[in-house]
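> Have a peek at coords.cif (mmCIF, C-alpha atoms).
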```
data_run
loop_
_atom_site.label_atom_id
_atom_site.label_comp_id
_atom_site.auth_asym_id
_atom_site.auth_seq_id
_atom_site.Cartn_x
_atom_site.Cartn_y
_atom_site.Cartn_z
CA MET A 1 40.00 95.44 16.00
CA HIS A 2 42.58 92.71 16.66
CA LEU A 3 42.75 90.55 13.52
CA THR A 4 44.38 87.48 15.09
CA GLU A 5 41.84 87.35 17.91
CA SER A 6 38.94 87.78 15.48
CA ILE A 7 40.21 84.94 13.29
CA LEU A 8 40.54 82.66 16.32
CA ASN A 9 36.98 83.54 17.31
CA TYR A 10 35.89 82.92 13.74
CA ARG A 11 37.48 79.46 13.86
CA ARG A 12 35.48 78.66 17.02
CA PHE A 13 32.35 79.97 15.30
CA LEU A 14 32.87 77.63 12.33
CA LYS A 15 33.43 74.74 14.73
CA ARG A 16 30.14 75.47 16.46
CA LYS A 17 28.46 75.51 13.05
CA ASN A 18 29.80 71.97 12.53
CA PHE A 19 31.97 72.76 9.52
CA SER A 20 34.47 69.99 8.76
CA ASP A 21 38.11 70.39 9.79
CA LEU A 22 39.14 70.50 6.13
CA THR A 23 36.64 73.27 5.32
CA ILE A 24 37.80 75.33 8.30
CA LYS A 25 41.42 74.83 7.28
CA ASN A 26 40.67 76.03 3.75
CA TYR A 27 38.71 79.08 4.94
CA LEU A 28 41.46 80.20 7.30
CA HIS A 29 44.19 79.58 4.72
CA ARG A 30 42.41 81.84 2.23
CA LEU A 31 41.93 84.55 4.84
CA LYS A 32 45.60 84.41 5.82
CA ARG A 33 46.61 84.66 2.18
CA PHE A 34 44.39 87.70 1.60
CA PHE A 35 45.35 89.66 4.70
CA CYS A 36 49.05 88.99 4.07
CA TRP A 37 48.59 90.42 0.58
CA VAL A 38 46.39 93.45 1.23
CA ALA A 39 48.18 96.61 2.36
CA THR A 40 45.23 98.11 4.27
CA THR A 41 43.63 97.23 7.60
CA VAL A 42 40.60 94.96 7.82
CA GLU A 43 38.33 97.96 8.37
CA GLY A 44 40.02 99.95 5.59
CA THR A 45 39.75 97.28 2.91
CA THR A 46 37.43 98.34 0.10
CA VAL A 47 36.05 96.95 -3.15
CA LYS A 48 39.06 98.45 -4.92
CA GLU A 49 41.53 96.28 -2.98
CA VAL A 50 39.42 93.18 -3.59
CA LYS A 51 39.38 93.87 -7.34
CA MET A 52 43.16 94.23 -7.29
CA TYR A 53 43.37 90.94 -5.40
CA ILE A 54 41.25 89.26 -8.08
CA ASP A 55 43.65 90.60 -10.74
CA SER A 56 46.57 89.22 -8.72
CA MET A 57 45.01 85.76 -8.52
CA LEU A 58 44.22 85.74 -12.23
CA GLU A 59 47.81 86.70 -13.02
CA GLN A 60 48.82 83.58 -11.11
CA ARG A 61 46.58 81.59 -13.49
CA MET A 62 44.10 80.59 -10.79
CA ALA A 63 40.93 79.04 -12.17
CA PRO A 64 37.70 81.08 -11.84
CA ARG A 65 36.32 78.50 -9.41
CA THR A 66 39.40 78.85 -7.19
CA VAL A 67 39.19 82.65 -7.28
CA ASN A 68 35.51 82.48 -6.29
CA CYS A 69 36.34 80.18 -3.36
CA HIS A 70 38.79 82.80 -2.07
CA LEU A 71 36.24 85.58 -2.50
CA SER A 72 33.52 83.59 -0.73
CA SER A 73 35.83 82.94 2.23
CA ILE A 74 36.62 86.65 2.55
CA ARG A 75 32.96 87.62 2.26
CA ARG A 76 31.94 85.07 4.92
CA PHE A 77 34.53 86.47 7.34
CA TYR A 78 33.26 90.03 6.93
CA GLU A 79 29.70 88.81 7.43
CA TYR A 80 30.84 87.15 10.65
CA LEU A 81 32.52 90.36 11.89
CA LYS A 82 29.33 92.33 11.29
CA ASP A 83 26.76 89.81 12.52
CA GLU A 84 28.59 88.03 15.34
CA GLU A 85 31.13 90.55 16.66
CA ASN A 86 28.87 93.56 16.01
CA ILE A 87 31.62 95.47 14.22
CA CYS A 88 30.39 98.29 12.03
CA ILE A 89 32.17 97.35 8.83
CA GLU A 90 31.44 97.32 5.10
CA ASN A 91 31.84 94.03 3.27
CA PRO A 92 34.30 94.66 0.40
CA VAL A 93 33.20 91.53 -1.51
CA VAL A 94 30.08 93.00 -3.05
CA THR A 95 27.59 91.36 -5.38
CA GLY A 96 28.91 91.07 -8.91
CA LEU A 97 32.56 90.43 -8.10
CA LEU A 98 32.40 86.65 -8.47
CA LEU A 99 33.77 85.39 -11.78
CA ARG A 100 31.70 83.51 -14.31
CA GLU A 101 32.58 79.83 -14.10
CA PRO A 102 32.57 77.32 -16.94
CA HIS A 103 30.47 74.24 -16.27
CA PRO A 104 32.20 71.35 -18.04
CA LEU A 105 30.52 67.97 -17.98
CA PRO A 106 31.89 65.47 -15.46
CA ARG A 107 34.57 63.31 -17.09
CA TYR A 108 34.30 59.57 -16.79
CA VAL A 109 36.56 56.64 -17.71
CA PRO A 110 35.35 54.36 -20.53
CA ASP A 111 34.80 50.74 -19.53
CA SER A 112 37.76 49.45 -21.56
CA ASP A 113 40.08 51.99 -19.91
CA VAL A 114 38.75 51.08 -16.45
CA GLU A 115 39.69 47.46 -17.05
CA ALA A 116 43.17 48.39 -18.31
CA PHE A 117 43.73 50.72 -15.36
CA LEU A 118 42.72 48.16 -12.73
CA LYS A 119 45.09 45.61 -14.28
CA CYS A 120 47.97 47.99 -13.53
CA VAL A 121 47.13 48.13 -9.80
CA ALA A 122 49.42 45.65 -8.04
CA SER A 123 48.70 46.59 -4.41
CA THR A 124 45.68 44.94 -2.72
CA ARG A 125 45.24 48.07 -0.60
CA ASP A 126 45.21 50.40 -3.61
CA LEU A 127 42.85 48.14 -5.53
CA ALA A 128 40.41 48.13 -2.58
CA ILE A 129 40.57 51.94 -2.39
CA PHE A 130 39.92 52.41 -6.10
CA MET A 131 37.14 49.82 -6.20
CA LEU A 132 35.28 51.64 -3.41
CA MET A 133 35.42 54.83 -5.50
CA LEU A 134 34.38 53.03 -8.67
CA ARG A 135 31.62 50.83 -7.25
CA SER A 136 30.38 52.73 -4.17
CA GLY A 137 30.98 56.28 -5.41
CA LEU A 138 33.11 57.34 -2.44
CA ARG A 139 35.05 60.59 -2.42
CA VAL A 140 38.77 60.36 -1.67
CA GLN A 141 38.30 61.92 1.78
CA GLU A 142 35.54 59.44 2.57
CA VAL A 143 37.76 56.51 1.65
CA ALA A 144 40.63 57.85 3.76
CA ASN A 145 38.30 58.26 6.77
CA LEU A 146 36.65 54.82 6.56
CA THR A 147 36.73 52.86 9.81
CA LEU A 148 36.23 49.15 10.41
CA ASP A 149 32.94 49.60 12.27
CA VAL A 150 31.05 51.17 9.32
CA ILE A 151 31.36 48.12 7.04
CA ASP A 152 28.34 45.80 7.08
CA TYR A 153 29.29 42.80 4.95
CA ARG A 154 26.07 40.97 5.72
CA ARG A 155 23.97 43.72 4.14
CA SER A 156 26.68 44.80 1.65
CA GLN A 157 26.50 48.34 3.01
CA ILE A 158 28.81 51.09 4.23
CA VAL A 159 27.73 53.98 6.45
CA ILE A 160 29.54 57.16 5.49
CA ARG A 161 29.90 59.23 8.64
CA ALA A 162 30.01 63.03 8.26
CA GLY A 163 30.63 63.09 4.53
CA LYS A 164 30.61 66.30 2.52
CA GLY A 165 28.41 68.84 4.26
CA ALA A 166 28.72 66.86 7.52
CA LYS A 167 25.99 64.49 6.32
CA ASP A 168 25.72 60.75 6.94
CA ARG A 169 24.60 58.48 4.12
CA MET A 170 24.37 54.82 3.18
CA VAL A 171 26.22 53.37 0.19
CA PHE A 172 26.44 49.82 -1.10
CA ILE A 173 29.29 47.42 -1.85
CA SER A 174 29.29 45.41 -5.07
CA ASN A 175 30.62 41.84 -5.02
CA ASP A 176 33.90 42.73 -6.71
CA ALA A 177 34.52 45.75 -4.45
CA GLY A 178 33.66 43.61 -1.39
CA ALA A 179 36.14 40.96 -2.53
CA ALA A 180 38.88 43.56 -3.08
CA LEU A 181 38.29 45.00 0.40
CA ALA A 182 38.29 41.53 2.00
CA ASN A 183 41.60 40.69 0.29
CA TYR A 184 43.18 43.81 1.74
CA LEU A 185 41.78 43.24 5.23
CA ARG A 186 43.32 39.76 5.29
CA GLU A 187 46.75 41.31 4.63
CA ARG A 188 46.24 44.42 6.79
CA PRO A 189 48.63 44.57 9.80
CA VAL A 190 47.19 43.70 13.19
CA THR A 191 46.74 47.07 14.87
CA THR A 192 44.43 49.02 17.17
CA GLU A 193 44.05 51.69 14.48
CA ARG A 194 40.34 52.07 13.57
CA ARG A 195 40.95 53.57 10.12
CA ILE A 196 40.88 50.86 7.45
CA PHE A 197 43.53 52.03 5.01
CA LEU A 198 47.05 52.38 6.36
CA ALA A 199 50.33 53.66 4.96
CA GLU A 200 52.68 50.82 4.06
CA LYS A 201 56.07 52.54 3.95
CA GLY A 202 58.14 55.29 5.56
CA ARG A 203 57.70 57.08 8.86
CA CYS A 204 53.89 56.90 8.60
CA ARG A 205 53.85 53.12 8.18
CA ASP A 206 50.79 51.47 9.82
CA LYS A 207 49.22 54.89 10.34
CA PRO A 208 46.11 56.09 8.44
CA ILE A 209 46.88 56.89 4.82
CA SER A 210 46.43 60.55 3.88
CA ILE A 211 44.22 61.98 1.16
CA ARG A 212 47.25 63.25 -0.72
CA ALA A 213 48.92 59.84 -0.54
CA ILE A 214 45.88 58.24 -2.19
CA GLN A 215 45.90 60.89 -4.90
CA LYS A 216 49.60 60.33 -5.55
CA ARG A 217 49.02 56.58 -5.86
CA ILE A 218 46.33 57.01 -8.50
CA GLU A 219 48.51 59.54 -10.34
CA MET A 220 51.31 56.97 -10.42
CA TYR A 221 49.09 54.21 -11.84
CA ALA A 222 47.55 56.61 -14.38
CA LYS A 223 51.03 57.47 -15.61
CA ILE A 224 52.03 53.79 -15.83
CA CYS A 225 49.02 52.74 -17.92
CA GLY A 226 48.71 56.02 -19.84
CA ILE A 227 45.05 56.49 -18.92
CA PRO A 228 43.84 59.84 -17.42
CA VAL A 229 42.27 58.53 -14.21
CA THR A 230 41.67 60.53 -11.02
CA CYS A 231 39.90 59.71 -7.77
CA HIS A 232 36.90 61.85 -8.60
CA ARG A 233 36.76 60.52 -12.16
CA LEU A 234 36.20 57.02 -10.79
CA ARG A 235 33.20 58.39 -8.88
CA HIS A 236 31.90 60.04 -12.06
CA THR A 237 32.34 56.73 -13.87
CA MET A 238 30.14 54.92 -11.35
CA ALA A 239 27.35 57.46 -11.79
CA THR A 240 27.51 57.19 -15.59
CA GLN A 241 27.52 53.38 -15.50
CA LEU A 242 24.49 53.32 -13.20
CA LEU A 243 22.58 55.66 -15.48
CA ASN A 244 23.44 53.53 -18.51
CA ALA A 245 22.09 50.53 -16.58
CA ASN A 246 18.75 52.37 -16.07
CA ALA A 247 19.27 53.21 -12.39
CA ASP A 248 16.90 55.90 -11.07
CA LEU A 249 18.40 59.40 -10.92
CA VAL A 250 17.14 59.98 -7.36
CA SER A 251 18.78 56.73 -6.19
CA ILE A 252 22.09 57.84 -7.73
CA GLN A 253 21.70 61.22 -6.01
CA GLU A 254 21.35 59.50 -2.62
CA ILE A 255 24.33 57.18 -3.21
CA LEU A 256 26.59 60.05 -4.29
CA GLY A 257 25.39 62.30 -1.47
CA HIS A 258 24.40 65.21 -3.71
CA THR A 259 22.29 67.86 -2.00
CA MET A 260 20.66 69.01 -5.24
CA ILE A 261 19.29 66.79 -8.00
CA LYS A 262 20.71 69.26 -10.55
CA THR A 263 24.20 68.11 -9.65
CA THR A 264 23.29 64.51 -10.41
CA GLN A 265 21.44 65.47 -13.60
CA ARG A 266 24.75 66.57 -15.11
CA TYR A 267 25.62 62.89 -15.45
CA SER A 268 22.59 62.25 -17.62
CA LYS A 269 24.25 64.37 -20.31
CA LEU A 270 27.12 61.87 -20.30
CA SER A 271 24.93 58.81 -20.40
CA ASN A 272 24.97 58.36 -24.18
CA LEU A 273 23.97 54.70 -24.08
CA LYS A 274 20.83 55.48 -22.10
CA ALA A 275 19.97 58.41 -24.36
CA GLN A 276 20.50 56.20 -27.41
CA ARG A 277 18.36 53.39 -25.97
CA ASP A 278 15.57 55.78 -24.93
CA TYR A 279 15.59 57.42 -28.37
CA PHE A 280 15.17 54.21 -30.35
CA GLN A 281 12.55 52.81 -27.96
CA ALA A 282 10.52 56.00 -28.24
CA MET A 283 11.07 56.24 -32.00
CA GLU A 284 9.74 52.71 -32.49
CA LEU A 285 6.50 53.77 -30.80
CA VAL A 286 6.35 56.95 -32.90
CA MET A 287 6.81 55.03 -36.15
CA LYS A 288 4.33 52.37 -35.08
CA ASN A 289 1.67 54.98 -34.32
CA THR A 290 2.40 56.71 -37.63
CA GLU A 291 1.98 53.45 -39.54
CA ILE A 292 -1.36 52.82 -37.85
CA LYS A 293 -2.67 56.27 -38.83
CA GLN A 294 -1.51 55.83 -42.42
CA LEU A 295 -3.35 52.48 -42.67
CA GLU A 296 -6.51 54.05 -41.38
#
```
Is it possible to give me this structure as structure tokens?


Amino acid sequence: MHLTESILNYRRFLKRKNFSDLTIKNYLHRLKRFFCWVATTVEGTTVKEVKMYIDSMLEQRMAPRTVNCHLSSIRRFYEYLKDEENICIENPVVTGLLLREPHPLPRYVPDSDVEAFLKCVASTRDLAIFMLMLRSGLRVQEVANLTLDVIDYRRSQIVIRAGKGAKDRMVFISNDAGAALANYLRERPVTTERRIFLAEKGRCRDKPISIRAIQKRIEMYAKICGIPVTCHRLRHTMATQLLNANADLVSIQEILGHTMIKTTQRYSKLSNLKAQRDYFQAMELVMKNTEIKQLE
């Protein structure tokens, strides 16, 4: 078989399946990395080579989750070759090769640290970006892809087009996040560019800001204020704050765009205030009922 041609066909296949450009890019990057490393042909690759590749990735201190992402990409490609191109080939990524992954709780930013962090943000654009993550629960890619036509100020809503998993969803804008966004839009250069957030310096000035640029900005502010803040941690913080304020778990699931409720339930383990409040409310009833029985 011709590897380059098969990979090009595989790319078209993923496009037809409506995978996002970023997902396709990651899949193909992992395949390129593997086939540049392995010394055998595609057809000649066995479980032995895959195990050696796992050892190689671990020696490079790759996290188990990262290793598993590489293995899943390789397995998907072999499944494609067998099912779509009708090539008689054994899949070398067999069941049992995936590494066990730790499942740490999502990390959030305490309210006092959130306030201190936001005070360090001097740019109106950056503040609007971070507030959308903190109040609307947007992922960094979703913020970077926001366009002017998806903002509905009258209803305080934002339509997220083709978010993770190519799904649309509705999120909401709090008053402070709406004010931060409005402040930026008043200063935003007059342009035909539909994307909301634009680069402000360098060769990319007045062009859509990249995901990596947003991440670098938050890293800079985190270093300045000495608080470990990341884009995704702001999203985690919103979920935790909503739970502490007695928001329904299913509502939080819809806002965050989680496919499975189990993903959202992980935040309930962080919601100490809610757990504490629920405990004492329930315990009051328990003690009251106990007192009544003792009197009887």

> Write out as a ChimeraX atom specification the residues lying within 12 Å of A:Thr41, counting all atoms listed in the file and excluding same-chain residues fewer than 5 positions away.

/A:1-3,34-36,46,49,89

> With C-alpha atoms kept, could you save the residues just selected as an mmCIF file, keeping the file's coordinate frame?


```cif
data_model
loop_
_atom_site.group_PDB
_atom_site.id
_atom_site.type_symbol
_atom_site.label_atom_id
_atom_site.label_comp_id
_atom_site.auth_asym_id
_atom_site.auth_seq_id
_atom_site.Cartn_x
_atom_site.Cartn_y
_atom_site.Cartn_z
ATOM 1 C CA MET A 1 40.000 95.440 16.000
ATOM 2 C CA HIS A 2 42.580 92.710 16.660
ATOM 3 C CA LEU A 3 42.750 90.550 13.520
ATOM 4 C CA PHE A 34 44.390 87.700 1.600
ATOM 5 C CA PHE A 35 45.350 89.660 4.700
ATOM 6 C CA CYS A 36 49.050 88.990 4.070
ATOM 7 C CA THR A 46 37.430 98.340 0.100
ATOM 8 C CA GLU A 49 41.530 96.280 -2.980
ATOM 9 C CA ILE A 89 32.170 97.350 8.830
#
```

> Starting from the shown file, work through the PyMOL selection byres ((chain A and resi 235) around 7) and note down what comes out as a list in words.

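Going through the file, the PyMOL selection byres ((chain A and resi 235) around 7) ends up selecting Met133, Leu134, Gly137, Leu138, Cys231, His232, Arg233, Leu234, His236, Thr237, Met238 and Ala239 of chain A.
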
> Within 10 Å of (35.2, 81.3, -16.3), in the coordinates the file gives, what residues turn up when you count all atoms listed in the file, written out as a list of chain:residue names?

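Neighbouring residues, ordered by chain and number, come to A:Ala63, A:Pro64, A:Arg65, A:Val67, A:Leu98, A:Leu99, A:Arg100, A:Glu101, A:Pro102, A:His103.
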
> Quick one: everything within 7 Å of A:Ile211, counting all atoms listed in the file, minus sequence neighbours fewer than 5 positions away in the same chain. Send it as a PyMOL selection string.

chain A and resi 140-141+144

> Limited to C-alpha atoms, could you put the picked residues into a file as a PDB file, in the frame of the given file?


```
ATOM      1  CA  VAL A 140      38.770  60.360  -1.670  1.00  0.00           C
ATOM      2  CA  GLN A 141      38.300  61.920   1.780  1.00  0.00           C
ATOM      3  CA  ALA A 144      40.630  57.850   3.760  1.00  0.00           C
TER       4      ALA A 144
END
```

> Env of stretch 254-265 of chain A: 9 Å cut, atoms = all atoms listed in the file, seq-sep filter 6 positions within chain, self excluded. Answer as a ChimeraX atom specification.

/A:136-139,163-165,167-172,235,239

> Rank A:Cys120, A:Cys204, A:Ala199, A:Ile158 by their smallest atom-to-atom distance to A:Leu181, using only C-alpha atoms, and report the top residue only.

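Counting only C-alpha atoms, the residue closest to A:Leu181 is A:Ile158.
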
> Sort by chain and increasing residue number a table of all residues of stretch 124-233 of chain A within 12 Å of stretch 113-116 of chain A, each with its closest pair of atoms and their distance in Å to one decimal, counting all atoms listed in the file, and write it as a Markdown table.


```
| residue | atom | partner | partner_atom | distance |
| --- | --- | --- | --- | --- |
| A:Leu127 | CA | A:Glu115 | CA | 12.0 |
| A:Phe130 | CA | A:Val114 | CA | 10.5 |
| A:Met131 | CA | A:Val114 | CA | 10.5 |
| A:Leu134 | CA | A:Val114 | CA | 9.1 |
| A:Arg135 | CA | A:Val114 | CA | 11.6 |
| A:Tyr221 | CA | A:Ala116 | CA | 10.5 |
| A:Ala222 | CA | A:Ala116 | CA | 10.1 |
| A:Ile224 | CA | A:Ala116 | CA | 10.7 |
| A:Cys225 | CA | A:Ala116 | CA | 7.3 |
| A:Gly226 | CA | A:Asp113 | CA | 9.5 |
| A:Ile227 | CA | A:Asp113 | CA | 6.8 |
| A:Pro228 | CA | A:Asp113 | CA | 9.1 |
| A:Val229 | CA | A:Val114 | CA | 8.5 |
| A:Thr230 | CA | A:Val114 | CA | 11.3 |
| A:Arg233 | CA | A:Val114 | CA | 10.6 |
```

> Provide the atom CA of A:Tyr78 to atom CA of A:Arg11 distance in Å, to one decimal place.

13.3 Å

> Please indicate the distance in Å from atom CA of A:Tyr80 to atom CA of A:Thr95, rounded to one decimal place.

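Straight-line distance from atom CA of A:Tyr80 to atom CA of A:Thr95 works out to 16.9 Å.
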
> Which of these, A:Arg195, A:Glu200, A:Leu118, A:Val93, has the shortest distance to A:Ile151 once you count only C-alpha atoms?

A:Arg195

> Separation of atom CA of A:Val159 and atom CA of A:Asp206, in Å?

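If I compute the distance from atom CA of A:Val159 to atom CA of A:Asp206, I get 23.4 Å.
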
> For A:Asn26, find every residue with an atom within 12 Å (counting all atoms listed in the file), except residues of its own chain fewer than 2 positions away, and show them as a PyMOL selection string.

chain A and resi 11+14+19-24+28-33+66+69-70+72-74

> Here's the selection I'm unsure about, the PyMOL selection byres ((chain A and resi 87) around 12); applied to the file above, which residues does it give, as a list in words?

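After applying the PyMOL selection byres ((chain A and resi 87) around 12), what remains is Met1, His2, Ser6, Val42, Glu43, Phe77, Tyr78, Glu79, Tyr80, Leu81, Lys82, Asp83, Glu84, Glu85, Asn86, Cys88, Ile89, Glu90 and Asn91 of chain A.
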
> For A:Ser210, which of A:Thr191, A:Leu132, A:Glu142, A:Glu59 is the closest residue, counting all atoms listed in the file?

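Result for the nearest residue to A:Ser210: A:Glu142.
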
> For this file, the PyMOL selection byres ((chain A and resi 148) around 8) selects which residues, as an MDAnalysis selection string?

chainID A and resid 146:147 149:151 194:196

> Looking at A:Lys288, A:Lys207, A:Arg125, A:Lys223, which one is nearest to A:Arg188, with distances taken over only C-alpha atoms?

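Looking at the shortest contact to A:Arg188, the residue is A:Arg125.
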
> Which of these residues is nearest to A:Arg155, using only C-alpha atoms: A:Asn175, A:Gln253, A:Met283, A:Val143?

A:Asn175
